[in-house]
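To start, the structure under review is shown below, and the notes come after it.
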Amino acid sequence: MRQDSKRPLTENEMCKRVAMEVKDGYCVNLGAGMPFPVANYISRDIWSMVHIEHGVLGVGTVATDAQKDRDLMGLGRRPLSLIPGAACFSSVEAFTMLRGGHIDLSVLGTFEVSEKGDIANWLLPGDCPIIGGAMDITGHAKRLIAMLTHTTKKGKPKVLKECLLPVTARGVVNMIVTDLAVMDVTPAGLVLTETAPGYTPEEIQALTEATFTVSGDLKEIPFA
Amino acid sequence: MRQDSKRPLTENEMCKRVAMEVKDGYCVNLGAGMPFPVANYISRDIWSMVHIEHGVLGVGTVATDAQKDRDLMGLGRRPLSLIPGAACFSSVEAFTMLRGGHIDLSVLGTFEVSEKGDIANWLLPGDCPIIGGAMDITGHAKRLIAMLTHTTKKGKPKVLKECLLPVTARGVVNMIVTDLAVMDVTPAGLVLTETAPGYTPEEIQALTEATFTVSGDLKEIPFA
Amino acid sequence: MNKIYASCAEAIADVFDGATIMFGGWGPTGDPENLIRELVAKGTRNITAIASDPGNDRDGIIYGCHPLVKEKRIRKFIGSYHSWNQEFIKQFKAGELEFEVCSQGIFVERIRHGGNGLFGFYTDVGAETLLAEKKEKKVIEGKPCVFETPLKADFAFIKAFVADRWGNLQYRYTGQNFNPTMATAAKVVIAEVENIVGVGALNPNEIHTPGIYVDRIVKGGCYAPRF
Amino acid sequence: MNKIYASCAEAIADVFDGATIMFGGWGPTGDPENLIRELVAKGTRNITAIASDPGNDRDGIIYGCHPLVKEKRIRKFIGSYHSWNQEFIKQFKAGELEFEVCSQGIFVERIRHGGNGLFGFYTDVGAETLLAEKKEKKVIEGKPCVFETPLKADFAFIKAFVADRWGNLQYRYTGQNFNPTMATAAKVVIAEVENIVGVGALNPNEIHTPGIYVDRIVKGGCYAPRF
């Protein structure tokens with residue numbers, strides 16, 4: 001393996017990897033921050049519907065200038081387009097879908113995640129809280145992927161034995177996708193299944209507080 | 001007063017009298033049985049909207065043969081028409097209107113009513129229960145009129161000190177319209193305000209278990 | 001991703017004896033009549049039915065769950081009234097059929113909570129009645145209230161006017177009633193519809209039941225006159 | 001029976017200092033911007049605001065409750081996140097503004113219960129968090145749950161695309177959000193709309209908010225570009 005091919009994934013590459021988890025027929029909820037561009041990478045060969053809490057099932061992608069509509073926006077004034085078959089509805093309906101367990105896969109950005117599948121993404125001590133719909137989603141989507149950078153900018157691990165920050169929910173994450181690794185959260189603990197290009201399990205373990213086992217099937221994140 | 005003009009009101013006349021309580025701007029819920037024909041007698045000089053639990057606000061009247069639609073029916077396969085401005089919706093929405101206190105006036109048929117405004121209209125002992133939406137309505141409409149014949153077919157009073165049948169709700173009736181009388185339910189007890197043609201307050205008291213006072217303004221039910 | 005079934009028989013093939021089934025419709029409007037007839041033909045027994053009312057047979061016009069009541073396929077009925085169905089009343093009085101009765105708004109709210117992932121609610125509705133006897137009580141804002149639990153089901157049989165091929169549904173007039181709420185609250189939701197259109201044919205702002213809730217779609221074979 | 005007001009100023013004339021007000025809209029979509037601007041002009045203070053988020057001023061594009069936040073008219077805010085509004089965050093950190101934070105689905109469900117005449121509900125949402133500390137707890141179906149209370153308001157300011165003269169409303173796309181729910185939960189509901197049509201112009205099956213909930217209608221004077 002050449003040294004110069006060793007690098008963490010970009011956010012878009014992380015989204016590309018997450019998009020591979022979307023199966024035919026899935027309804028996928030995408031968190032408004034880091035996860036949103038996943039929509040751009042879902043295979044066009046399958047039928048899937050992207051859900052956002054703003055009241056849309058069937059988001060296409062970011063609208064072109066010609067499509068922009070002030071009544072069709074996501075977070076941060078992001079103009080959206082719809083795909084055929086889309087439906088628009090109230091917040092009550094949007095959360096019936098989420099909390100009622102009708103969403104096949106949800107993808108959330110987070111500050112920290114634990115080896116038990118706990119997630120902490122709403123409160124930094126001393127800061128103003130920021131929940132959005134995250135607490136409604138955790139524990140109710142059929143499958144939950146947490147997306148985050150593997151460490152803080154100062155290099156402190158964010159995949160932990162126990163979350164240090166106040167948790168959003170416990171035991172709810174099924175899969176972790178970082179810029180360095182893909183891990184499954186299993187009853188037996190974390191399992192490293194994929195690495196960023198050029199990274200060894202040992203190097204990743206050194207940047208991870210939680211202990212993980214390495215899948216017999218370990219590979220590099222395929223498309224990177 | 002001529003003897004031959006003494007008679008109880010017909011059901012349609014009771015409905016006519018109830019319709020006089022509908023004011024401009026009112027949304028009126030009409031129970032499916034005895035109260036439904038009230039819709040036919042509401043003044044055309046005011047704006048009012050008739051609500052039924054089937055999911056309509058803006059019921060017109062019974063549909064003509066030419067208007068009949070299998071997707072627009074009330075109780076007992078009664079085909080309905082709509083007035084301009086009508087909206088159709090789910091049962092959830094129909095009961096948000098009722099339980100949320102958005103209905104100005106509701107009219108319910110009942111087996112018995114008490115001097116305290118208790119109403120009993122869901123269970124005859126030994127019989128199969130029949131609630132419909134009645135329990136959601138009682139206590140939540142801004143004003144509730146109970147409609148019933150003054151006595152059973154055997155002549156037993158139905159306006160009572162205390163309901164003998166299991167109650168639907170307590171202290172919720174504002175006005176009672178029977179085939180013999182109109183009464184207000186007040187904190188001080190029942191007040192007889194109108195009588196059927198030719199009936200004296202004494203005759204009505206003899207057919208009423210509860211004791212009522214007689215309004216200084218007592219009159220015959222105006223249109224009868 | 002194909003939700004369209006060729007026949008009602010195929011759409012209900014896995015409905016088992018003892019299943020809890022929600023049936024949309026109120027009396028003669030919005031009831032999934034083709035699915036119900038097929039369920040009678042299939043012979044499914046011991047059903048817990050969740051429906052506004054048991055339907056009826058009046059003047060030879062049959063609607064709602066009545067065909068199941070008549071064949072004694074329903075063991076327990078959760079609903080709001082008997083709709084003057086004499087066969088239903090007879091079975092109830094004979095103790096052959098259990099009837100859990102709710103006020104209709106509470107009935108549909110319990111279904112909503114089931115489909116919503118909520119765990120029950122307090123209401124003043126019925127709090128002063130015999131129905132409150134076995135319920136948990138609490139005084140809130142000075143009002144006596146009772147605790148009501150969510151309703152869920154193995155299957156929901158619903159009826160819409162039109163579906164697109166992905167399952168977005170639209171209803172007409174009083175045909176909506178309990179259908180959109182039941183569509184959220186069952187493991188398997190089977191929608192019978194009068195028309196099926198292509199994906200994209202419906203205005204996204206005018207969809208009553210988004211397709212996410214709908215597992216199977218079948219075109220009803222016969223909508224008999226109801227007058 | 002006339003619900004149409006000639007101006008936003010007349011429509012909000014009786015809004016008082018200390019009022020609890022619901023504001024529809026999520027960020028830059030479906031917010032009653034003309035009513036909010038008029039409320040700033042009126043000088044109303046000490047507001048308890050119930051809204052998804054406090055809006056913002058980004059790149060000179062102002063939306064949501066931000067004009068009220070900026071003028072420090074809001075004493076307490078009930079919502080789901082700060083929407084990166086730096087002025088809001090500053091006031092919160094300085095203790096000038098109380099912020100009752102809910103997960104967004106619970107936020108809207110509390111409003112729904114307020115508009116519905118229900119008395120609160122149990123949910124597992126947030127039950128394992130710091131937010132649960134002061135809430136009543138109960139284990140239901142093996143899950144830790146917390147009790148959530150209804151939200152109501154003195155006024156709701158909502159925004160729709162079109163109203164008929166009796167107050168039936170339609171929204172477009174993501175403009176729906178919290179508006180139809182808030183329309184059920186306030187004593188006085190004031191709808192600002194882009195268009196007003198005659199009674200009978202809207203299809204009864206395509207109405208999002210029936211007119212029964214709407215007390216006042218006013219045509220918004222200015223819908224500034226949001227891009």
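Identifiers for the structure tokens are assigned positionally: chains receive A, B, ... in sequence, residues are indexed from 1 per chain, and ligands are indexed from 1 in the order shown.
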
Chain fit, chain A moved to chain B over all Cα pairs in order, as a JSON list (two decimals) with C-alpha atoms, in the first residue's frame:
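What follows is the written file superposed-v3.json:
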```json
[["chain", "number", "residue", "atom", "x", "y", "z"],
["A", 1, "MET", "CA", -106.29, 28.75, 24.67],
["A", 2, "ARG", "CA", -108.27, 26.23, 22.71],
["A", 3, "GLN", "CA", -108.13, 22.61, 23.84],
["A", 4, "ASP", "CA", -107.59, 21.31, 20.31],
["A", 5, "SER", "CA", -104.41, 23.34, 19.88],
["A", 6, "LYS", "CA", -102.77, 21.47, 22.76],
["A", 7, "ARG", "CA", -100.24, 19.04, 21.39],
["A", 8, "PRO", "CA", -96.63, 17.93, 21.74],
["A", 9, "LEU", "CA", -94.13, 18.97, 19.11],
["A", 10, "THR", "CA", -93.26, 16.63, 16.29],
["A", 11, "GLU", "CA", -89.60, 15.69, 15.86],
["A", 12, "ASN", "CA", -89.34, 18.08, 12.94],
["A", 13, "GLU", "CA", -90.78, 20.87, 15.05],
["A", 14, "MET", "CA", -88.26, 20.14, 17.77],
["A", 15, "CYS", "CA", -85.54, 20.41, 15.12],
["A", 16, "LYS", "CA", -87.02, 23.71, 13.94],
["A", 17, "ARG", "CA", -86.84, 25.06, 17.48],
["A", 18, "VAL", "CA", -83.25, 23.89, 17.93],
["A", 19, "ALA", "CA", -82.31, 25.52, 14.62],
["A", 20, "MET", "CA", -83.28, 28.90, 16.12],
["A", 21, "GLU", "CA", -80.29, 28.56, 18.47],
["A", 22, "VAL", "CA", -77.86, 28.61, 15.56],
["A", 23, "LYS", "CA", -76.28, 32.07, 15.26],
["A", 24, "ASP", "CA", -74.36, 33.73, 12.47],
["A", 25, "GLY", "CA", -70.87, 32.27, 12.15],
["A", 26, "TYR", "CA", -71.63, 29.10, 14.13],
["A", 27, "CYS", "CA", -70.17, 25.69, 13.47],
["A", 28, "VAL", "CA", -72.82, 23.24, 14.62],
["A", 29, "ASN", "CA", -72.36, 19.54, 15.26],
["A", 30, "LEU", "CA", -75.51, 17.51, 14.72],
["A", 31, "GLY", "CA", -75.92, 14.07, 16.22],
["A", 32, "ALA", "CA", -76.83, 11.45, 13.68],
["A", 33, "GLY", "CA", -80.27, 10.51, 14.98],
["A", 34, "MET", "CA", -83.03, 12.89, 16.05],
["A", 35, "PRO", "CA", -80.89, 16.06, 15.69],
["A", 36, "PHE", "CA", -79.81, 15.60, 12.08],
["A", 37, "PRO", "CA", -82.83, 17.31, 10.43],
["A", 38, "VAL", "CA", -81.94, 20.51, 12.31],
["A", 39, "ALA", "CA", -79.78, 21.14, 9.22],
["A", 40, "ASN", "CA", -82.93, 21.67, 7.19],
["A", 41, "TYR", "CA", -84.22, 24.49, 9.38],
["A", 42, "ILE", "CA", -81.18, 26.69, 9.95],
["A", 43, "SER", "CA", -81.87, 30.19, 8.67],
["A", 44, "ARG", "CA", -80.50, 30.87, 5.20],
["A", 45, "ASP", "CA", -79.87, 34.47, 6.29],
["A", 46, "ILE", "CA", -76.87, 33.54, 8.39],
["A", 47, "TRP", "CA", -73.52, 31.89, 7.70],
["A", 48, "SER", "CA", -73.26, 28.60, 9.52],
["A", 49, "MET", "CA", -71.51, 25.30, 8.93],
["A", 50, "VAL", "CA", -72.87, 21.91, 9.89],
["A", 51, "HIS", "CA", -70.28, 19.42, 11.17],
["A", 52, "ILE", "CA", -70.69, 15.66, 11.34],
["A", 53, "GLU", "CA", -68.20, 13.18, 12.72],
["A", 54, "HIS", "CA", -68.08, 11.40, 9.37],
["A", 55, "GLY", "CA", -65.57, 14.05, 8.34],
["A", 56, "VAL", "CA", -67.55, 16.93, 6.89],
["A", 57, "LEU", "CA", -67.82, 20.56, 7.85],
["A", 58, "GLY", "CA", -70.41, 22.17, 5.61],
["A", 59, "VAL", "CA", -73.12, 19.54, 5.19],
["A", 60, "GLY", "CA", -76.00, 20.81, 3.11],
["A", 61, "THR", "CA", -78.91, 18.47, 3.40],
["A", 62, "VAL", "CA", -79.96, 15.04, 2.23],
["A", 63, "ALA", "CA", -78.78, 14.62, -1.37],
["A", 64, "THR", "CA", -81.27, 14.40, -4.18],
["A", 65, "ASP", "CA", -81.21, 11.30, -6.35],
["A", 66, "ALA", "CA", -79.13, 13.14, -8.92],
["A", 67, "GLN", "CA", -76.53, 14.13, -6.30],
["A", 68, "LYS", "CA", -76.15, 10.77, -4.57],
["A", 69, "ASP", "CA", -72.50, 9.71, -4.17],
["A", 70, "ARG", "CA", -71.37, 6.52, -2.44],
["A", 71, "ASP", "CA", -68.44, 8.44, -0.98],
["A", 72, "LEU", "CA", -70.63, 11.08, 0.65],
["A", 73, "MET", "CA", -72.90, 9.58, 3.26],
["A", 74, "GLY", "CA", -73.93, 10.08, 6.84],
["A", 75, "LEU", "CA", -75.41, 7.61, 9.29],
["A", 76, "GLY", "CA", -77.88, 5.04, 8.03],
["A", 77, "ARG", "CA", -76.78, 5.34, 4.40],
["A", 78, "ARG", "CA", -78.11, 8.89, 4.30],
["A", 79, "PRO", "CA", -76.73, 10.52, 1.10],
["A", 80, "LEU", "CA", -75.49, 14.04, 1.74],
["A", 81, "SER", "CA", -74.87, 17.22, -0.17],
["A", 82, "LEU", "CA", -72.24, 19.86, 0.59],
["A", 83, "ILE", "CA", -72.47, 23.63, 0.68],
["A", 84, "PRO", "CA", -69.82, 25.87, -0.91],
["A", 85, "GLY", "CA", -66.89, 26.20, 1.47],
["A", 86, "ALA", "CA", -67.29, 22.68, 2.80],
["A", 87, "ALA", "CA", -64.23, 20.65, 3.77],
["A", 88, "CYS", "CA", -63.90, 16.87, 4.07],
["A", 89, "PHE", "CA", -61.34, 15.26, 6.33],
["A", 90, "SER", "CA", -60.31, 12.28, 8.43],
["A", 91, "SER", "CA", -61.89, 11.18, 11.69],
["A", 92, "VAL", "CA", -58.87, 12.49, 13.55],
["A", 93, "GLU", "CA", -59.56, 15.99, 12.22],
["A", 94, "ALA", "CA", -63.31, 15.64, 12.86],
["A", 95, "PHE", "CA", -62.61, 14.97, 16.53],
["A", 96, "THR", "CA", -59.93, 17.63, 16.81],
["A", 97, "MET", "CA", -62.73, 20.05, 16.00],
["A", 98, "LEU", "CA", -65.03, 18.50, 18.59],
["A", 99, "ARG", "CA", -62.73, 17.73, 21.47],
["A", 100, "GLY", "CA", -60.62, 20.83, 20.88],
["A", 101, "GLY", "CA", -63.60, 23.07, 21.64],
["A", 102, "HIS", "CA", -63.89, 24.48, 18.13],
["A", 103, "ILE", "CA", -67.60, 23.62, 17.75],
["A", 104, "ASP", "CA", -69.96, 26.40, 18.81],
["A", 105, "LEU", "CA", -73.02, 24.26, 19.36],
["A", 106, "SER", "CA", -73.61, 20.54, 19.50],
["A", 107, "VAL", "CA", -76.97, 18.82, 19.53],
["A", 108, "LEU", "CA", -77.30, 15.29, 20.87],
["A", 109, "GLY", "CA", -80.20, 12.91, 21.21],
["A", 110, "THR", "CA", -80.33, 11.25, 24.61],
["A", 111, "PHE", "CA", -82.20, 8.71, 26.75],
["A", 112, "GLU", "CA", -82.21, 10.88, 29.88],
["A", 113, "VAL", "CA", -80.98, 14.22, 31.14],
["A", 114, "SER", "CA", -80.66, 15.52, 34.71],
["A", 115, "GLU", "CA", -81.33, 18.89, 36.31],
["A", 116, "LYS", "CA", -77.56, 19.25, 36.79],
["A", 117, "GLY", "CA", -76.95, 18.86, 33.08],
["A", 118, "ASP", "CA", -75.86, 15.21, 33.24],
["A", 119, "ILE", "CA", -76.57, 13.24, 30.10],
["A", 120, "ALA", "CA", -77.11, 9.48, 29.66],
["A", 121, "ASN", "CA", -77.14, 8.31, 26.07],
["A", 122, "TRP", "CA", -74.88, 5.31, 25.63],
["A", 123, "LEU", "CA", -76.01, 2.31, 27.63],
["A", 124, "LEU", "CA", -79.32, 0.66, 28.37],
["A", 125, "PRO", "CA", -78.69, -2.03, 31.00],
["A", 126, "GLY", "CA", -78.40, -5.44, 29.42],
["A", 127, "ASP", "CA", -78.08, -3.93, 25.97],
["A", 128, "CYS", "CA", -75.14, -3.60, 23.63],
["A", 129, "PRO", "CA", -73.43, -0.21, 24.18],
["A", 130, "ILE", "CA", -73.71, 2.55, 21.58],
["A", 131, "ILE", "CA", -71.44, 5.56, 21.92],
["A", 132, "GLY", "CA", -70.43, 6.82, 18.49],
["A", 133, "GLY", "CA", -68.77, 10.16, 19.16],
["A", 134, "ALA", "CA", -71.06, 11.30, 21.96],
["A", 135, "MET", "CA", -68.55, 11.09, 24.80],
["A", 136, "ASP", "CA", -66.04, 13.15, 22.83],
["A", 137, "ILE", "CA", -68.66, 15.83, 22.28],
["A", 138, "THR", "CA", -70.04, 16.19, 25.80],
["A", 139, "GLY", "CA", -67.98, 18.65, 27.77],
["A", 140, "HIS", "CA", -66.12, 19.94, 24.71],
["A", 141, "ALA", "CA", -68.64, 21.75, 22.52],
["A", 142, "LYS", "CA", -69.00, 25.39, 23.57],
["A", 143, "ARG", "CA", -72.72, 24.81, 24.05],
["A", 144, "LEU", "CA", -74.69, 21.54, 24.22],
["A", 145, "ILE", "CA", -78.38, 20.99, 23.55],
["A", 146, "ALA", "CA", -79.99, 17.71, 24.56],
["A", 147, "MET", "CA", -82.99, 16.64, 22.47],
["A", 148, "LEU", "CA", -85.40, 13.99, 23.72],
["A", 149, "THR", "CA", -89.07, 13.21, 24.12],
["A", 150, "HIS", "CA", -90.25, 14.47, 27.48],
["A", 151, "THR", "CA", -91.32, 11.00, 28.66],
["A", 152, "THR", "CA", -90.90, 7.37, 27.63],
["A", 153, "LYS", "CA", -93.63, 5.77, 25.58],
["A", 154, "LYS", "CA", -95.04, 4.49, 28.88],
["A", 155, "GLY", "CA", -95.14, 8.05, 30.23],
["A", 156, "LYS", "CA", -92.16, 7.88, 32.59],
["A", 157, "PRO", "CA", -90.23, 11.15, 32.93],
["A", 158, "LYS", "CA", -86.84, 11.45, 31.20],
["A", 159, "VAL", "CA", -85.90, 14.85, 32.66],
["A", 160, "LEU", "CA", -84.69, 13.71, 36.08],
["A", 161, "LYS", "CA", -83.09, 14.80, 39.33],
["A", 162, "GLU", "CA", -80.41, 12.21, 38.70],
["A", 163, "CYS", "CA", -80.00, 10.04, 35.63],
["A", 164, "LEU", "CA", -81.04, 6.44, 36.30],
["A", 165, "LEU", "CA", -79.07, 5.10, 33.36],
["A", 166, "PRO", "CA", -75.24, 5.14, 33.26],
["A", 167, "VAL", "CA", -74.16, 8.69, 32.45],
["A", 168, "THR", "CA", -72.17, 9.76, 29.41],
["A", 169, "ALA", "CA", -70.89, 12.92, 31.14],
["A", 170, "ARG", "CA", -71.86, 15.18, 34.05],
["A", 171, "GLY", "CA", -72.85, 18.84, 34.08],
["A", 172, "VAL", "CA", -72.47, 19.35, 30.35],
["A", 173, "VAL", "CA", -75.96, 20.16, 28.98],
["A", 174, "ASN", "CA", -76.83, 23.83, 28.53],
["A", 175, "MET", "CA", -80.33, 23.54, 27.12],
["A", 176, "ILE", "CA", -83.01, 20.86, 26.88],
["A", 177, "VAL", "CA", -85.48, 20.67, 24.02],
["A", 178, "THR", "CA", -88.27, 18.12, 24.34],
["A", 179, "ASP", "CA", -91.59, 17.66, 22.60],
["A", 180, "LEU", "CA", -93.22, 19.54, 25.49],
["A", 181, "ALA", "CA", -90.73, 22.14, 26.68],
["A", 182, "VAL", "CA", -87.59, 24.17, 26.29],
["A", 183, "MET", "CA", -85.49, 24.51, 29.43],
["A", 184, "ASP", "CA", -82.22, 26.17, 30.31],
["A", 185, "VAL", "CA", -79.82, 24.34, 32.59],
["A", 186, "THR", "CA", -78.44, 26.95, 35.00],
["A", 187, "PRO", "CA", -76.28, 26.76, 38.11],
["A", 188, "ALA", "CA", -79.51, 27.39, 40.06],
["A", 189, "GLY", "CA", -81.29, 24.48, 38.35],
["A", 190, "LEU", "CA", -83.68, 24.07, 35.44],
["A", 191, "VAL", "CA", -85.61, 27.06, 34.10],
["A", 192, "LEU", "CA", -88.66, 26.45, 31.91],
["A", 193, "THR", "CA", -88.57, 29.07, 29.16],
["A", 194, "GLU", "CA", -91.00, 27.73, 26.56],
["A", 195, "THR", "CA", -93.86, 25.26, 26.39],
["A", 196, "ALA", "CA", -95.47, 23.23, 23.63],
["A", 197, "PRO", "CA", -98.80, 24.69, 22.42],
["A", 198, "GLY", "CA", -101.47, 24.58, 25.10],
["A", 199, "TYR", "CA", -99.34, 23.09, 27.88],
["A", 200, "THR", "CA", -99.18, 24.80, 31.27],
["A", 201, "PRO", "CA", -96.05, 24.76, 33.44],
["A", 202, "GLU", "CA", -98.00, 22.65, 35.94],
["A", 203, "GLU", "CA", -98.82, 20.02, 33.33],
["A", 204, "ILE", "CA", -95.16, 19.89, 32.29],
["A", 205, "GLN", "CA", -94.00, 19.70, 35.89],
["A", 206, "ALA", "CA", -96.29, 16.70, 36.38],
["A", 207, "LEU", "CA", -94.38, 14.92, 33.59],
["A", 208, "THR", "CA", -90.94, 15.99, 34.87],
["A", 209, "GLU", "CA", -89.18, 14.37, 37.80],
["A", 210, "ALA", "CA", -86.78, 17.28, 38.29],
["A", 211, "THR", "CA", -88.18, 20.50, 39.72],
["A", 212, "PHE", "CA", -87.86, 23.57, 37.52],
["A", 213, "THR", "CA", -88.51, 27.25, 37.99],
["A", 214, "VAL", "CA", -90.57, 29.10, 35.42],
["A", 215, "SER", "CA", -88.99, 31.93, 33.49],
["A", 216, "GLY", "CA", -90.63, 35.34, 33.95],
["A", 217, "ASP", "CA", -90.52, 35.44, 30.19],
["A", 218, "LEU", "CA", -92.34, 32.13, 29.61],
["A", 219, "LYS", "CA", -93.89, 31.71, 26.17],
["A", 220, "GLU", "CA", -95.15, 29.14, 23.77],
["A", 221, "ILE", "CA", -92.53, 27.71, 21.46],
["A", 222, "PRO", "CA", -92.74, 30.48, 18.88],
["A", 223, "PHE", "CA", -93.15, 28.85, 15.47],
["A", 224, "ALA", "CA", -95.23, 25.83, 16.49]]
```

Env of Asn34 in chain C: 12 Å cut, atoms = only C-alpha atoms, seq-sep filter 6 positions within chain, self excluded. Answer as a PyMOL selection string.
chain C and resi 7-9+11-12+23+40-41+62-65+67+157-159+190-194+218-224

Residue contacts of Lys76 in chain C (7 Å, only C-alpha atoms) excluding same-chain residues fewer than 2 positions away, as a list in words:
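Contacts, with the query itself left out: Ile47, Thr48, Ala49, Ile74, Ile78, Leu97, Glu98 and Phe99 of chain C.
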
Can I get the selection written as a compact mmCIF listing (two decimals), in the first residue's frame, with all heavy atoms?
```txt
# COMPACT_ATOMS: atom_id res chain seq x y z
N ILE C 47 -60.87 -13.62 14.58
CA ILE C 47 -60.30 -12.31 14.30
C ILE C 47 -60.57 -11.35 15.45
O ILE C 47 -61.65 -11.34 16.02
CB ILE C 47 -60.93 -11.74 13.00
CG1 ILE C 47 -60.55 -12.63 11.81
CG2 ILE C 47 -60.54 -10.29 12.77
CD1 ILE C 47 -61.38 -12.38 10.56
N THR C 48 -59.57 -10.54 15.80
CA THR C 48 -59.82 -9.34 16.58
C THR C 48 -59.96 -8.20 15.58
O THR C 48 -59.01 -7.86 14.88
CB THR C 48 -58.67 -9.05 17.57
OG1 THR C 48 -58.61 -10.11 18.52
CG2 THR C 48 -58.91 -7.73 18.30
N ALA C 49 -61.17 -7.66 15.49
CA ALA C 49 -61.44 -6.60 14.50
C ALA C 49 -61.42 -5.24 15.18
O ALA C 49 -61.98 -5.07 16.27
CB ALA C 49 -62.81 -6.83 13.86
N ILE C 74 -65.45 -13.17 13.89
CA ILE C 74 -64.86 -12.17 14.79
C ILE C 74 -65.06 -12.62 16.24
O ILE C 74 -66.18 -12.88 16.67
CB ILE C 74 -65.49 -10.78 14.54
CG1 ILE C 74 -65.16 -10.34 13.11
CG2 ILE C 74 -64.96 -9.76 15.57
CD1 ILE C 74 -65.82 -9.05 12.68
N ILE C 78 -63.27 -4.19 18.60
CA ILE C 78 -62.94 -2.92 19.24
C ILE C 78 -63.49 -1.81 18.36
O ILE C 78 -63.07 -1.68 17.20
CB ILE C 78 -61.41 -2.76 19.42
CG1 ILE C 78 -60.84 -3.97 20.18
CG2 ILE C 78 -61.09 -1.45 20.16
CD1 ILE C 78 -59.32 -3.96 20.33
N LEU C 97 -69.17 -12.91 21.44
CA LEU C 97 -68.33 -11.89 20.83
C LEU C 97 -68.01 -10.86 21.90
O LEU C 97 -68.92 -10.33 22.54
CB LEU C 97 -69.14 -11.27 19.68
CG LEU C 97 -68.48 -10.23 18.81
CD1 LEU C 97 -69.04 -10.35 17.40
CD2 LEU C 97 -68.75 -8.84 19.31
N GLU C 98 -66.74 -10.61 22.09
CA GLU C 98 -66.33 -9.59 23.06
C GLU C 98 -66.35 -8.23 22.35
O GLU C 98 -65.93 -8.13 21.20
CB GLU C 98 -64.91 -9.93 23.55
CG GLU C 98 -64.42 -9.03 24.68
CD GLU C 98 -62.96 -9.32 25.02
OE1 GLU C 98 -62.44 -10.39 24.62
OE2 GLU C 98 -62.34 -8.48 25.67
N PHE C 99 -66.84 -7.20 23.03
CA PHE C 99 -66.95 -5.87 22.42
C PHE C 99 -66.27 -4.85 23.34
O PHE C 99 -66.77 -4.58 24.44
CB PHE C 99 -68.42 -5.52 22.21
CG PHE C 99 -68.68 -4.19 21.55
CD1 PHE C 99 -67.72 -3.56 20.75
CD2 PHE C 99 -69.91 -3.55 21.71
CE1 PHE C 99 -67.98 -2.33 20.14
CE2 PHE C 99 -70.17 -2.32 21.10
CZ PHE C 99 -69.20 -1.71 20.32
```

Select from range 20-224 of chain B everything DSSP, run on the backbone, classes as strand (DSSP E), then give the selection as a VMD selection string.
chain B and resid 27 to 30 49 to 52 56 to 62 73 to 74 78 to 88 105 to 109 112 to 114 119 to 120 144 to 147 159 to 160 175 to 177 181 to 186 189 to 195 212 to 220

I'd like to know which residues of range 137-211 of chain C are helix (DSSP H, G or I) (by DSSP, run on the backbone); could you write them as a PyMOL selection string?
chain C and resi 173-175+179-182+204-206+211

Counting only C-alpha atoms, give me one row per residue of chain C with an atom at most 8 Å from an atom of chain B, showing the shortest contact pair and its distance in Å to one decimal, sorted by chain then residue number, as a tab-separated table.
```
residue	atom	partner	partner_atom	distance
C:Trp26	CA	B:His54	CA	7.4
C:Gly27	CA	B:Leu75	CA	7.3
C:Pro28	CA	B:Arg77	CA	6.4
C:Thr29	CA	B:Asp71	CA	5.6
C:Gly30	CA	B:Asp71	CA	6.9
C:Ser80	CA	B:Gly132	CA	5.1
C:Tyr81	CA	B:Ile130	CA	4.3
C:His82	CA	B:Ile130	CA	6.1
C:Ser83	CA	B:Ile130	CA	7.9
C:Ile89	CA	B:Cys128	CA	6.1
C:Phe92	CA	B:Cys128	CA	6.9
C:Lys93	CA	B:Cys128	CA	7.1
C:Val101	CA	B:Pro129	CA	7.2
C:Cys102	CA	B:Ile131	CA	7.2
C:Ser103	CA	B:Gly133	CA	5.3
C:Gln104	CA	B:Gly133	CA	4.6
C:Gly105	CA	B:Phe95	CA	5.4
C:Ile106	CA	B:Asp136	CA	7.4
C:Val108	CA	B:Val92	CA	6.3
C:Glu109	CA	B:Val92	CA	6.7
C:Val125	CA	B:Asp136	CA	5.6
C:Gly126	CA	B:Met135	CA	5.9
C:Ala127	CA	B:Ala169	CA	7.9
C:Glu128	CA	B:Ala169	CA	5.9
C:Thr129	CA	B:Thr168	CA	6.0
C:Leu130	CA	B:Pro166	CA	7.0
C:Arg172	CA	B:Asp71	CA	6.0
C:Tyr173	CA	B:Cys88	CA	5.2
C:Thr174	CA	B:Leu72	CA	5.1
C:Gly175	CA	B:Asp71	CA	5.1
C:Gln176	CA	B:Ser90	CA	5.4
C:Asn177	CA	B:Ser90	CA	4.5
C:Phe178	CA	B:Ser91	CA	5.7
C:Asn179	CA	B:Ser90	CA	7.8
C:Pro180	CA	B:Ser90	CA	7.1
C:Thr181	CA	B:Val92	CA	7.6
C:Pro225	CA	B:Arg70	CA	7.3
C:Arg226	CA	B:Arg70	CA	6.2
C:Phe227	CA	B:Arg77	CA	7.3
```
